[in-house]
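What follows is a short report on a single structure.
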Amino acid sequence: MILQHGQYHLCDYLVNEGAKVTVLDNLSTGSESNINNSVDFINDDINSNDLRRYIKDHDYVFHVAALPRITPSFEERFEHHIANIDGTLNIIEAAHSCNVKKIIALSTDKACAPINLYGATKLCSDKLFIAANNYSGKDCSFSIVRYGNVLGSR
């Protein structure tokens with residue numbers, strides 16, 4: 001199982017359930033001190049050329065990586081595109097080539113009717129999953145989870 005980008009409470013839950021967890025995070029918005037000591041940690045990005053190597057031998061991918069900042073998305077359009085759209089496509093392609101069973105992707109509650117550039121990148125990411133199921137011919141399913149505002153420690 002591999003996780004990306006800062007969903008540390010999910011890691012704790014999975015570890016407690018006995019899962020072998022790998023975290024891939026570039027720490028652009030996170031801190032290594034938040035990561036459960038029982039996981040394998042890789043400090044890299046989902047757009048890394050090594051992503052397939054990181055994902056191989058994992059059955060599930062929790063894709064929770066994104067640049068989630070709404071206001072900066074207006075000024076940092078290309079950075080948000082690269083992280084949120086290109087990164088999602090990279091996850092999909094790597095997962096399919098490594099025979100991952102399922103991708104669980106975190107989206108936004110407003111992705112169906114975006115009102116800002118961040119939401120538009122998330123809508124595009126969601127559509128990439130749908131399109132990938134039509135063209136891949138692989139047996140890799142996906143689920144999109146829509147959270148509202150998530151608050152708490154870490």
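Letters A, B, ... go to the chains of the structure tokens in the order shown; residues in each chain start at 1; ligands are counted from 1 in the same order.
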Just want the 10 Å neighbourhood of Lys122 (chain A), counted on only C-alpha atoms, with same-chain residues fewer than 4 positions away dropped. Output as a JSON list (two decimals) with N, CA, C and O atoms, in the first residue's frame.
[["chain", "number", "residue", "atom", "x", "y", "z"],
["A", 66, "ALA", "N", -1.82, 16.68, -3.65],
["A", 66, "ALA", "CA", -2.35, 17.83, -4.38],
["A", 66, "ALA", "C", -1.71, 19.11, -3.84],
["A", 66, "ALA", "O", -1.22, 19.14, -2.72],
["A", 67, "LEU", "N", -1.75, 20.12, -4.67],
["A", 67, "LEU", "CA", -1.51, 21.47, -4.15],
["A", 67, "LEU", "C", -2.90, 21.99, -3.80],
["A", 67, "LEU", "O", -3.69, 22.31, -4.69],
["A", 68, "PRO", "N", -3.24, 22.03, -2.52],
["A", 68, "PRO", "CA", -4.62, 22.30, -2.13],
["A", 68, "PRO", "C", -4.95, 23.77, -1.87],
["A", 68, "PRO", "O", -6.02, 24.06, -1.35],
["A", 80, "HIS", "N", -0.05, 24.25, -10.02],
["A", 80, "HIS", "CA", -1.24, 23.47, -9.65],
["A", 80, "HIS", "C", -1.57, 22.45, -10.73],
["A", 80, "HIS", "O", -1.97, 21.33, -10.42],
["A", 81, "HIS", "N", -1.42, 22.83, -11.98],
["A", 81, "HIS", "CA", -1.66, 21.89, -13.07],
["A", 81, "HIS", "C", -0.69, 20.71, -12.98],
["A", 81, "HIS", "O", -1.10, 19.54, -13.04],
["A", 84, "ASN", "N", -1.55, 18.66, -9.62],
["A", 84, "ASN", "CA", -2.88, 18.07, -9.48],
["A", 84, "ASN", "C", -3.34, 17.29, -10.70],
["A", 84, "ASN", "O", -4.08, 16.31, -10.55],
["A", 85, "ILE", "N", -2.96, 17.69, -11.88],
["A", 85, "ILE", "CA", -3.41, 16.99, -13.09],
["A", 85, "ILE", "C", -2.33, 16.05, -13.60],
["A", 85, "ILE", "O", -2.56, 14.84, -13.74],
["A", 88, "THR", "N", -1.74, 13.29, -11.08],
["A", 88, "THR", "CA", -2.79, 12.26, -11.10],
["A", 88, "THR", "C", -2.59, 11.31, -12.27],
["A", 88, "THR", "O", -2.68, 10.09, -12.12],
["A", 106, "LEU", "N", -8.41, 11.05, -3.20],
["A", 106, "LEU", "CA", -9.06, 12.12, -2.45],
["A", 106, "LEU", "C", -9.37, 13.26, -3.40],
["A", 106, "LEU", "O", -8.51, 13.70, -4.16],
["A", 107, "SER", "N", -10.61, 13.73, -3.38],
["A", 107, "SER", "CA", -10.99, 14.86, -4.21],
["A", 107, "SER", "C", -11.54, 15.95, -3.30],
["A", 107, "SER", "O", -11.36, 15.91, -2.09],
["A", 108, "THR", "N", -12.24, 16.87, -3.89],
["A", 108, "THR", "CA", -12.81, 17.96, -3.13],
["A", 108, "THR", "C", -14.32, 17.91, -3.24],
["A", 108, "THR", "O", -14.87, 17.38, -4.21],
["A", 109, "ASP", "N", -15.01, 18.45, -2.26],
["A", 109, "ASP", "CA", -16.47, 18.41, -2.28],
["A", 109, "ASP", "C", -17.06, 19.29, -3.37],
["A", 109, "ASP", "O", -18.22, 19.15, -3.72],
["A", 110, "LYS", "N", -16.28, 20.18, -3.94],
["A", 110, "LYS", "CA", -16.77, 21.10, -4.96],
["A", 110, "LYS", "C", -16.26, 20.74, -6.35],
["A", 110, "LYS", "O", -16.41, 21.51, -7.29],
["A", 111, "ALA", "N", -15.68, 19.55, -6.53],
["A", 111, "ALA", "CA", -15.08, 19.20, -7.82],
["A", 111, "ALA", "C", -16.10, 19.09, -8.93],
["A", 111, "ALA", "O", -15.78, 19.28, -10.09],
["A", 112, "CYS", "N", -17.36, 18.80, -8.60],
["A", 112, "CYS", "CA", -18.37, 18.64, -9.66],
["A", 112, "CYS", "C", -18.79, 19.97, -10.27],
["A", 112, "CYS", "O", -19.28, 20.01, -11.39],
["A", 114, "PRO", "N", -16.71, 23.33, -10.08],
["A", 114, "PRO", "CA", -15.62, 24.14, -9.52],
["A", 114, "PRO", "C", -15.89, 25.64, -9.63],
["A", 114, "PRO", "O", -16.43, 26.12, -10.63],
["A", 117, "LEU", "N", -9.72, 27.81, -9.61],
["A", 117, "LEU", "CA", -8.77, 27.02, -10.40],
["A", 117, "LEU", "C", -8.37, 25.72, -9.70],
["A", 117, "LEU", "O", -8.19, 24.69, -10.36],
["A", 118, "TYR", "N", -8.27, 25.74, -8.39],
["A", 118, "TYR", "CA", -7.96, 24.51, -7.67],
["A", 118, "TYR", "C", -9.05, 23.47, -7.94],
["A", 118, "TYR", "O", -8.77, 22.32, -8.26],
["A", 126, "ASP", "N", -10.42, 14.02, -11.51],
["A", 126, "ASP", "CA", -11.51, 13.04, -11.40],
["A", 126, "ASP", "C", -11.84, 12.45, -12.77],
["A", 126, "ASP", "O", -12.04, 11.24, -12.92],
["A", 127, "LYS", "N", -11.91, 13.29, -13.77],
["A", 127, "LYS", "CA", -12.23, 12.83, -15.13],
["A", 127, "LYS", "C", -11.14, 11.94, -15.70],
["A", 127, "LYS", "O", -11.42, 11.04, -16.50],
["A", 128, "LEU", "N", -9.89, 12.16, -15.30],
["A", 128, "LEU", "CA", -8.81, 11.29, -15.75],
["A", 128, "LEU", "C", -9.02, 9.86, -15.28],
["A", 128, "LEU", "O", -8.74, 8.91, -16.02]]
Using only C-alpha atoms, find each residue of region 55-145 of chain A with at least one atom at most 10 Å away from an atom of region 20-23 of chain A; report its shortest atom-to-atom pair and that distance in Å (one decimal), sort the rows by chain and rising residue number, and return the result as CSV.
residue,atom,partner,partner_atom,distance
A:Ile55,CA,A:Thr22,CA,8.9
A:His58,CA,A:Thr22,CA,8.8
A:Tyr60,CA,A:Val21,CA,9.8
A:Val61,CA,A:Thr22,CA,9.5
A:Phe62,CA,A:Val23,CA,9.6
Go through chain A and collect every residue that DSSP, computed from the backbone, puts in strand (DSSP E); the answer should be as a PyMOL selection string. chain A and resi 2-4+22-25+40-43+60-63+102-108+141-147
Restricting the output to C-alpha atoms, write the selected residues as a short mmCIF file (atom, residue, chain, number, x, y, z; two decimals), in the first residue's frame.
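So result16.cif came out as:
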data_model
loop_
_atom_site.label_atom_id
_atom_site.label_comp_id
_atom_site.auth_asym_id
_atom_site.auth_seq_id
_atom_site.Cartn_x
_atom_site.Cartn_y
_atom_site.Cartn_z
CA ILE A 2 1.39 3.42 -0.87
CA LEU A 3 0.20 6.83 0.27
CA GLN A 4 1.15 10.27 -0.85
CA THR A 22 4.73 3.28 2.20
CA VAL A 23 4.42 7.08 2.26
CA LEU A 24 5.60 9.11 -0.72
CA ASP A 25 5.64 12.80 0.14
CA ASP A 40 8.40 3.25 4.91
CA PHE A 41 8.97 6.89 3.95
CA ILE A 42 10.13 8.13 0.55
CA ASN A 43 10.86 11.85 0.20
CA TYR A 60 -3.54 -0.28 -3.29
CA VAL A 61 -2.69 3.37 -3.79
CA PHE A 62 -4.27 6.14 -1.77
CA HIS A 63 -3.78 9.19 -3.98
CA LYS A 102 -7.28 -0.20 -6.70
CA ILE A 103 -6.61 3.53 -6.43
CA ILE A 104 -8.51 5.48 -3.79
CA ALA A 105 -8.29 9.18 -4.68
CA LEU A 106 -9.06 12.12 -2.45
CA SER A 107 -10.99 14.86 -4.21
CA THR A 108 -12.81 17.96 -3.13
CA SER A 141 -10.46 0.04 -10.21
CA PHE A 142 -10.72 3.39 -8.49
CA SER A 143 -12.82 5.23 -5.97
CA ILE A 144 -13.00 8.98 -5.48
CA VAL A 145 -13.60 10.16 -1.93
CA ARG A 146 -14.95 13.67 -1.43
CA TYR A 147 -14.15 15.28 1.89
#
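CA of Thr121 (chain A) lies 21.5 Å from CA of His96 (chain A).
One finds CA of Arg69 (chain A) at 9.9 Å from CA of Gly119 (chain A).
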Quick check for you: according to DSSP on this backbone, which residues of chain A are classed as alpha helix (DSSP H)? Reply as a PyMOL selection string. chain A and resi 8-16+51-55+72-75+77-80+87-97+117-135
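The gap separating CA of Leu27 (chain A) from CA of Glu75 (chain A) is 21.0 Å, in Å to one decimal.
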With distances taken over only C-alpha atoms, which of A:Val100, A:Ser73, A:Glu17, A:Leu89 is nearest to Ile115 (chain A)? A:Ser73
Asp86 (chain A) surroundings by only C-alpha atoms, 9 Å radius, close-in-sequence under 6 positions cut, as a VMD selection string: chain A and resid 46 to 47 125
Export all heavy atoms of the chosen residues as a short mmCIF file (atom, residue, chain, number, x, y, z; two decimals), in the first residue's frame?
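Just written: out29.cif:
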data_model
loop_
_atom_site.label_atom_id
_atom_site.label_comp_id
_atom_site.auth_asym_id
_atom_site.auth_seq_id
_atom_site.Cartn_x
_atom_site.Cartn_y
_atom_site.Cartn_z
N ILE A 46 5.14 12.83 -6.70
CA ILE A 46 4.37 11.92 -7.55
C ILE A 46 4.69 12.09 -9.03
O ILE A 46 4.34 11.22 -9.83
CB ILE A 46 2.85 12.04 -7.33
CG1 ILE A 46 2.34 13.45 -7.63
CG2 ILE A 46 2.49 11.60 -5.92
CD1 ILE A 46 0.83 13.59 -7.60
N ASN A 47 5.34 13.14 -9.40
CA ASN A 47 5.78 13.32 -10.78
C ASN A 47 7.20 12.80 -11.00
O ASN A 47 7.78 13.02 -12.05
CB ASN A 47 5.66 14.79 -11.20
CG ASN A 47 4.23 15.15 -11.51
OD1 ASN A 47 3.59 14.51 -12.35
ND2 ASN A 47 3.70 16.14 -10.82
N SER A 125 -8.76 15.96 -12.67
CA SER A 125 -8.18 14.74 -12.11
C SER A 125 -9.24 13.64 -11.99
O SER A 125 -8.99 12.49 -12.33
CB SER A 125 -7.58 15.02 -10.73
OG SER A 125 -6.48 15.88 -10.85
#
